[in-house]
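Enquirer: My structure file structure-v2.cif, mmCIF, C-alpha atoms, is below:
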```cif
data_coords
loop_
_atom_site.label_atom_id
_atom_site.label_comp_id
_atom_site.auth_asym_id
_atom_site.auth_seq_id
_atom_site.Cartn_x
_atom_site.Cartn_y
_atom_site.Cartn_z
CA MET A 26 -147.48 34.43 77.99
CA PRO A 27 -146.72 31.90 80.79
CA ARG A 28 -144.36 32.96 83.56
CA VAL A 29 -142.05 31.02 85.83
CA THR A 30 -142.03 32.35 89.38
CA ALA A 31 -139.90 29.78 91.23
CA LEU A 32 -137.12 27.30 90.53
CA ASN A 33 -135.49 24.57 92.61
CA VAL A 34 -131.80 25.34 92.23
CA ASN A 35 -129.02 23.60 94.15
CA GLY A 36 -131.44 22.30 96.77
CA LYS A 37 -133.12 25.65 97.41
CA ARG A 38 -136.32 27.20 96.15
CA ARG A 39 -135.45 30.41 94.34
CA THR A 40 -137.94 33.12 93.41
CA VAL A 41 -137.88 34.44 89.85
CA ASP A 42 -140.32 36.19 87.54
CA VAL A 43 -139.41 35.31 83.97
CA ASP A 44 -141.07 34.37 80.73
CA ALA A 45 -141.20 30.57 80.41
CA SER A 46 -139.53 30.70 76.99
CA VAL A 47 -136.31 32.36 78.21
CA SER A 48 -133.26 30.08 78.32
CA LEU A 49 -132.44 28.41 81.60
CA LEU A 50 -128.86 29.64 81.18
CA SER A 51 -130.00 33.26 81.03
CA VAL A 52 -132.09 32.90 84.17
CA LEU A 53 -129.28 31.17 86.08
CA ARG A 54 -126.69 33.77 85.12
CA ASP A 55 -128.71 36.98 84.85
CA ASP A 56 -131.50 36.55 87.38
CA LEU A 57 -129.96 34.23 89.99
CA ASP A 58 -126.33 35.40 89.64
CA LEU A 59 -125.06 31.82 89.27
CA THR A 60 -122.29 32.57 86.79
CA GLY A 61 -120.37 29.29 87.02
CA THR A 62 -122.43 27.92 84.14
CA LYS A 63 -120.97 29.38 80.94
CA TYR A 64 -122.38 30.47 77.59
CA GLY A 65 -120.36 28.74 74.89
CA CYS A 66 -121.89 28.11 71.49
CA GLY A 67 -125.52 28.95 72.26
CA GLU A 68 -126.60 25.87 70.29
CA GLY A 69 -126.25 23.10 72.89
CA ARG A 70 -123.25 21.59 71.13
CA CYS A 71 -120.19 22.49 73.23
CA GLY A 72 -121.33 21.62 76.76
CA ALA A 73 -120.05 24.75 78.52
CA CYS A 74 -123.62 25.41 79.74
CA THR A 75 -124.21 21.91 81.13
CA VAL A 76 -126.30 21.64 84.28
CA LEU A 77 -128.20 18.71 85.75
CA LEU A 78 -131.98 18.68 85.55
CA ASP A 79 -133.32 15.96 87.84
CA GLY A 80 -129.85 14.41 87.58
CA GLN A 81 -129.79 14.39 83.77
CA ILE A 82 -127.30 16.29 81.62
CA THR A 83 -129.04 19.36 80.24
CA ARG A 84 -127.75 22.04 77.91
CA SER A 85 -129.07 25.13 79.65
CA CYS A 86 -128.51 27.44 76.67
CA VAL A 87 -131.17 25.64 74.61
CA THR A 88 -133.50 24.63 77.46
CA GLN A 89 -136.44 26.92 78.09
CA VAL A 90 -136.75 27.74 81.77
CA GLY A 91 -140.38 26.61 81.65
CA ARG A 92 -139.15 23.03 81.10
CA ALA A 93 -137.07 23.29 84.29
CA ALA A 94 -139.86 24.56 86.55
CA GLY A 95 -140.72 21.99 89.21
CA LYS A 96 -137.52 20.02 88.62
CA GLN A 97 -134.27 19.91 90.57
CA ILE A 98 -131.61 22.04 88.87
CA THR A 99 -127.99 21.48 89.89
CA THR A 100 -125.29 23.89 88.79
CA ILE A 101 -121.55 23.83 89.45
CA GLU A 102 -122.18 26.02 92.51
CA GLY A 103 -124.39 23.32 93.99
CA LEU A 104 -121.70 20.63 94.08
CA GLU A 105 -119.72 21.97 97.03
CA LYS A 106 -121.14 21.10 100.43
CA ASP A 107 -120.43 23.00 103.64
CA GLY A 108 -117.45 24.76 102.07
CA LYS A 109 -115.90 21.51 100.84
CA LEU A 110 -115.40 20.93 97.14
CA HIS A 111 -116.96 17.93 95.43
CA PRO A 112 -114.43 15.15 94.66
CA LEU A 113 -114.65 16.03 90.95
CA GLN A 114 -113.83 19.67 91.65
CA GLU A 115 -110.86 18.58 93.77
CA ALA A 116 -109.73 16.11 91.10
CA PHE A 117 -109.87 18.73 88.33
CA ILE A 118 -107.55 20.90 90.42
CA LYS A 119 -105.23 17.99 91.27
CA ALA A 120 -104.98 16.84 87.63
CA ASP A 121 -104.62 20.43 86.37
CA ALA A 122 -107.53 19.59 84.08
CA MET A 123 -108.13 23.11 82.92
CA GLN A 124 -106.29 25.66 80.93
CA CYS A 125 -108.60 28.58 80.23
CA ALA A 126 -111.24 26.85 82.43
CA PHE A 127 -114.15 28.02 80.28
CA CYS A 128 -115.40 24.46 79.72
CA THR A 129 -114.59 23.24 83.22
CA SER A 130 -117.97 23.67 84.91
CA GLY A 131 -119.73 21.90 82.04
CA MET A 132 -117.13 19.13 82.08
CA ILE A 133 -117.54 18.66 85.82
CA MET A 134 -121.33 18.58 85.57
CA ALA A 135 -121.22 16.00 82.75
CA ALA A 136 -118.72 13.94 84.76
CA THR A 137 -121.00 14.14 87.81
CA ALA A 138 -123.82 12.61 85.79
CA LEU A 139 -121.46 9.96 84.42
CA LEU A 140 -120.20 8.94 87.87
CA SER A 141 -123.73 8.86 89.27
CA LYS A 142 -124.53 6.14 86.72
CA ASN A 143 -121.18 4.36 86.74
CA ALA A 144 -118.98 4.82 89.79
CA ARG A 145 -115.93 3.18 88.19
CA PRO A 146 -116.01 3.88 84.46
CA SER A 147 -113.24 2.61 82.24
CA ARG A 148 -111.22 5.07 80.18
CA ASP A 149 -113.35 4.24 77.13
CA GLU A 150 -116.55 4.79 79.12
CA ILE A 151 -115.25 8.16 80.29
CA VAL A 152 -114.38 9.18 76.73
CA SER A 153 -117.81 8.07 75.53
CA GLY A 154 -119.62 9.76 78.43
CA MET A 155 -117.80 13.04 77.91
CA ASN A 156 -117.93 12.96 74.12
CA ARG A 157 -120.37 15.87 73.73
CA ASN A 158 -118.33 18.30 75.86
CA ILE A 159 -115.71 20.30 74.02
CA CYS A 160 -112.48 21.68 75.47
CA ARG A 161 -111.09 24.24 73.06
CA CYS A 162 -107.70 24.12 74.81
CA GLY A 163 -107.44 20.36 74.27
CA VAL A 164 -106.67 19.17 77.80
CA TYR A 165 -108.75 16.03 77.31
CA GLN A 166 -106.15 13.66 78.77
CA ARG A 167 -106.07 15.65 82.02
CA ILE A 168 -109.88 15.74 82.11
CA ILE A 169 -109.96 11.95 81.78
CA GLU A 170 -107.33 11.68 84.52
CA ALA A 171 -109.39 13.95 86.80
CA ILE A 172 -112.48 11.79 86.34
CA GLN A 173 -110.44 8.68 87.08
CA ILE A 174 -109.07 10.31 90.26
CA ALA A 175 -112.56 11.35 91.39
CA SER A 176 -113.93 7.90 90.59
CA ALA A 177 -111.36 6.27 92.86
CA GLN A 178 -111.98 8.85 95.61
CA THR A 179 -115.77 8.51 95.61
CA VAL A 180 -115.64 4.71 95.60
CA ASN A 181 -113.04 4.69 98.39
CA ARG A 182 -115.17 7.08 100.46
CA GLY A 183 -118.29 5.01 99.84
CA GLU A 184 -120.03 7.85 98.02
CA VAL A 185 -120.97 7.88 94.39
CA THR A 186 -122.54 11.34 94.39
CA ARG A 187 -122.92 14.02 97.01
#
```
Before we go any further, please render this structure as structure tokens.
Expert:
Amino acid sequence: MPRVTALNVNGKRRTVDVDASVSLLSVLRDDLDLTGTKYGCGEGRCGACTVLLDGQITRSCVTQVGRAAGKQITTIEGLEKDGKLHPLQEAFIKADAMQCAFCTSGMIMAATALLSKNARPSRDEIVSGMNRNICRCGVYQRIIEAIQIASAQTVNRGEVTR
């Protein structure tokens, strides 16, 4: 059975020794102790497990780690730089865009991908871009507000992504 021995996670090469068919989510949480990415439905439908794989939204619960080998994996932990939160992380706090916060890391990762493609999305574009991420607490309006806040901040700072 093929093995994966290294992954590029959050800009660093990380050593692992796992079967290539294991879920990326399991490896991130259990082997690399990156627990910000959450297990939600286990079927790739809710978005709690969202990470970026070469900048693309990826449901880590249904992605075999073998598919991630050799690619850049970005988790919620990889967004902060030098102890400073990413504008989306700051905006989610400012807009109080979380209640239980279980979906928050997946929401932020999906919003990161959205803003990397469209720095100033309209409300409708935000709704469409976030459509596959579920918030069981229903704070969607605050999530939209947070993305709008972050969009304005990143454009004003001259940075679309970090």
Enquirer: For the PyMOL selection byres ((chain A and resi 169-177) around 9), applied here, can you spell out every residue it catches as JSON, numbers by chain?
Expert: {"A": [111, 112, 113, 114, 115, 116, 117, 118, 119, 120, 121, 122, 133, 136, 137, 140, 143, 144, 145, 146, 147, 148, 151, 152, 155, 164, 165, 166, 167, 168, 178, 179, 180, 181, 182, 185]}
Enquirer: Got time to write the residues from that selection, C-alpha atoms, as a tab-separated table (two decimals), in the frame of the given file?
Expert:
```tsv
chain	number	residue	atom	x	y	z
A	111	HIS	CA	-116.96	17.93	95.43
A	112	PRO	CA	-114.43	15.15	94.66
A	113	LEU	CA	-114.65	16.03	90.95
A	114	GLN	CA	-113.83	19.67	91.65
A	115	GLU	CA	-110.86	18.58	93.77
A	116	ALA	CA	-109.73	16.11	91.10
A	117	PHE	CA	-109.87	18.73	88.33
A	118	ILE	CA	-107.55	20.90	90.42
A	119	LYS	CA	-105.23	17.99	91.27
A	120	ALA	CA	-104.98	16.84	87.63
A	121	ASP	CA	-104.62	20.43	86.37
A	122	ALA	CA	-107.53	19.59	84.08
A	133	ILE	CA	-117.54	18.66	85.82
A	136	ALA	CA	-118.72	13.94	84.76
A	137	THR	CA	-121.00	14.14	87.81
A	140	LEU	CA	-120.20	8.94	87.87
A	143	ASN	CA	-121.18	4.36	86.74
A	144	ALA	CA	-118.98	4.82	89.79
A	145	ARG	CA	-115.93	3.18	88.19
A	146	PRO	CA	-116.01	3.88	84.46
A	147	SER	CA	-113.24	2.61	82.24
A	148	ARG	CA	-111.22	5.07	80.18
A	151	ILE	CA	-115.25	8.16	80.29
A	152	VAL	CA	-114.38	9.18	76.73
A	155	MET	CA	-117.80	13.04	77.91
A	164	VAL	CA	-106.67	19.17	77.80
A	165	TYR	CA	-108.75	16.03	77.31
A	166	GLN	CA	-106.15	13.66	78.77
A	167	ARG	CA	-106.07	15.65	82.02
A	168	ILE	CA	-109.88	15.74	82.11
A	178	GLN	CA	-111.98	8.85	95.61
A	179	THR	CA	-115.77	8.51	95.61
A	180	VAL	CA	-115.64	4.71	95.60
A	181	ASN	CA	-113.04	4.69	98.39
A	182	ARG	CA	-115.17	7.08	100.46
A	185	VAL	CA	-120.97	7.88	94.39
```
Enquirer: To one decimal place, how far is CA of Cys86 (chain A) from CA of Leu49 (chain A) in Å?
Expert: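 It comes out at 6.4 Å.
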Enquirer: Could you check which of A:Thr75, A:Thr40, A:Gln89, A:Ser46 is closest to Met26 (chain A), using only C-alpha atoms?
Expert: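 So, comparing all the options, the nearest one is A:Ser46.
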Enquirer: Using only C-alpha atoms, determine which residues lie at most 10 Å from region 56-70 of chain A, disregarding the query and same-chain residues fewer than 2 positions distant; provide the list as a VMD selection string.
Expert: chain A and resid 32 34 39 to 43 48 50 to 54 72 to 76 83 to 88 100 to 103 127 to 131 134 157 to 159
Enquirer: For Leu104 (chain A), which residue out of A:Val47, A:Ala126, A:Leu77, A:Val90 is the nearest one, using all atoms listed in the file?
Expert: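 Answer, going by the shortest atom-to-atom distance: A:Leu77.
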Enquirer: Between A:Arg161, A:Asp79, A:Asn35, A:Cys71, which is the closest to Thr99 (chain A) once you count all atoms listed in the file?
Expert: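 Comparing A:Arg161, A:Asp79, A:Asn35, A:Cys71 against Thr99 (chain A), the winner is A:Asn35.
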Enquirer: Please measure the separation of CA of Gly91 (chain A) and CA of Gly154 (chain A), giving the value in Å to one decimal.
Expert: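 Distance reported for this atom pair: 26.9 Å.
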